[in-house]
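Take a look at the structure below.
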Amino acid sequence: MRINIAQKLTDSEDQRVVWSHADAPEIFDELHLKGDLVAEVLVSPEGNGKCLVTGTISGVQTLTCVRSLDLFDRPFETEIVVEVERGACAAQELHDDDDDVFAYTIPQTQDFVDVSECVRQLVTLQEPIAPVKNPDEDFIFVTNNQAGDGADAEKPLDPRWEKLKALKSKMENRS
């Protein structure tokens, strides 16, 4: 997952970067991403050998609803801020001193920054703790019992209910 950084960046430039499953299959699988991940960024010079990448990342995640356990697709968009500095290093380095800004040092000859770890963290942090398929709707528990079946309508589907009732009556008789 790369963003191109020109060697001699003098003016700000807009970039639209599209990443697919083939670019980073392990990240797409880990984050349950569906379709492409799109970054709309502005790469701005910040001085000698430094630049700032700001913008948004958007995509669609397939999540499991905590109410119904159904899978559903949830679109998302999150902000990205990356500081890039060219330095005397052999390989790209991530400095995670600041929680809000990702800072990378890249070799002088490298014309891109790999933001895979940054994207992984941002997508993970925007994901809800308890995802709900339709959060504005009331949850209605549906059983397989049909109304009007007489005695069968009151019979629970799960056999553990009978064991629970037996345990409850045993505990009541004990006291």
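Here, A, B, ... name the chains of the structure tokens in the order displayed, residue numbers run from 1 inside each chain, and ligands are numbered from 1 in the same displayed order.
Using only C-alpha atoms, the protein and nucleic acid residues lying no more than 8 Å from A:Ser116, apart from those fewer than 5 places from it along its own chain, are Met1, Arg2 and Ile27 of chain A.
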(request) Measure the distance from atom CA of A:Leu31 to atom CA of A:Gln126 in Å and round it to one decimal. (result)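 Atom-to-atom, atom CA of A:Leu31 and atom CA of A:Gln126 are spaced 11.1 Å apart.
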(message) Given only C-alpha atoms as the basis, pick out the residue of A:Ala24, A:Gln7, A:Ser68, A:Asp97 nearest to A:Glu85.
(response) A:Gln7
(message) Residues near A:Pro135, anyone? I mean within 12 Å using only C-alpha atoms, not counting same-chain ones fewer than 3 positions away, as a PyMOL selection string.
(response) chain A and resi 65-68+74+128+130-132+138-139
(message) Residues within 7 Å of stretch 53-63 of chain A, please, as a list in words. Count only C-alpha atoms; anything in the same chain fewer than 3 positions from it doesn't count.
(response) His32, Leu33, Lys34, Gly35, Asp36, Leu37, Val38, Ala39, Glu40, Val41, Leu42, Val43, Ser44, Leu71, Phe72, Asp73, Arg74, Pro75, Phe76, Glu77, Thr78, Glu79, Ile80, Val81, Val82, Glu83 and Pro131 of chain A
Include C-alpha atoms and write out the residues we just selected as a CSV table (one decimal), in the first residue's frame.
chain,number,residue,atom,x,y,z
A,32,HIS,CA,-12.5,-8.0,6.3
A,33,LEU,CA,-12.4,-5.4,3.6
A,34,LYS,CA,-14.7,-5.7,0.6
A,35,GLY,CA,-13.8,-4.2,-2.7
A,36,ASP,CA,-11.2,-1.5,-3.1
A,37,LEU,CA,-9.7,0.8,-0.5
A,38,VAL,CA,-9.5,4.4,-1.8
A,39,ALA,CA,-7.1,7.1,-0.5
A,40,GLU,CA,-7.8,10.7,-1.5
A,41,VAL,CA,-4.6,12.5,-0.3
A,42,LEU,CA,-2.8,15.8,-0.6
A,43,VAL,CA,1.0,15.6,-0.6
A,44,SER,CA,2.5,18.9,0.6
A,71,LEU,CA,-22.8,-10.4,8.2
A,72,PHE,CA,-23.3,-6.9,6.8
A,73,ASP,CA,-21.3,-4.4,4.8
A,74,ARG,CA,-20.4,-1.2,6.5
A,75,PRO,CA,-18.9,1.7,4.5
A,76,PHE,CA,-16.3,3.8,6.3
A,77,GLU,CA,-14.2,6.9,5.8
A,78,THR,CA,-11.3,7.9,8.1
A,79,GLU,CA,-8.7,10.7,8.2
A,80,ILE,CA,-5.1,10.0,7.5
A,81,VAL,CA,-2.1,12.2,8.4
A,82,VAL,CA,1.4,11.1,7.6
A,83,GLU,CA,4.7,13.0,7.9
A,131,PRO,CA,-21.2,-3.4,15.2
(request) Name the closest residue to A:Ile3 among the candidates A:Asp114, A:Asp99, A:Glu127, A:Asp158; distances are taken between atoms, counting only C-alpha atoms. (result) A:Asp114
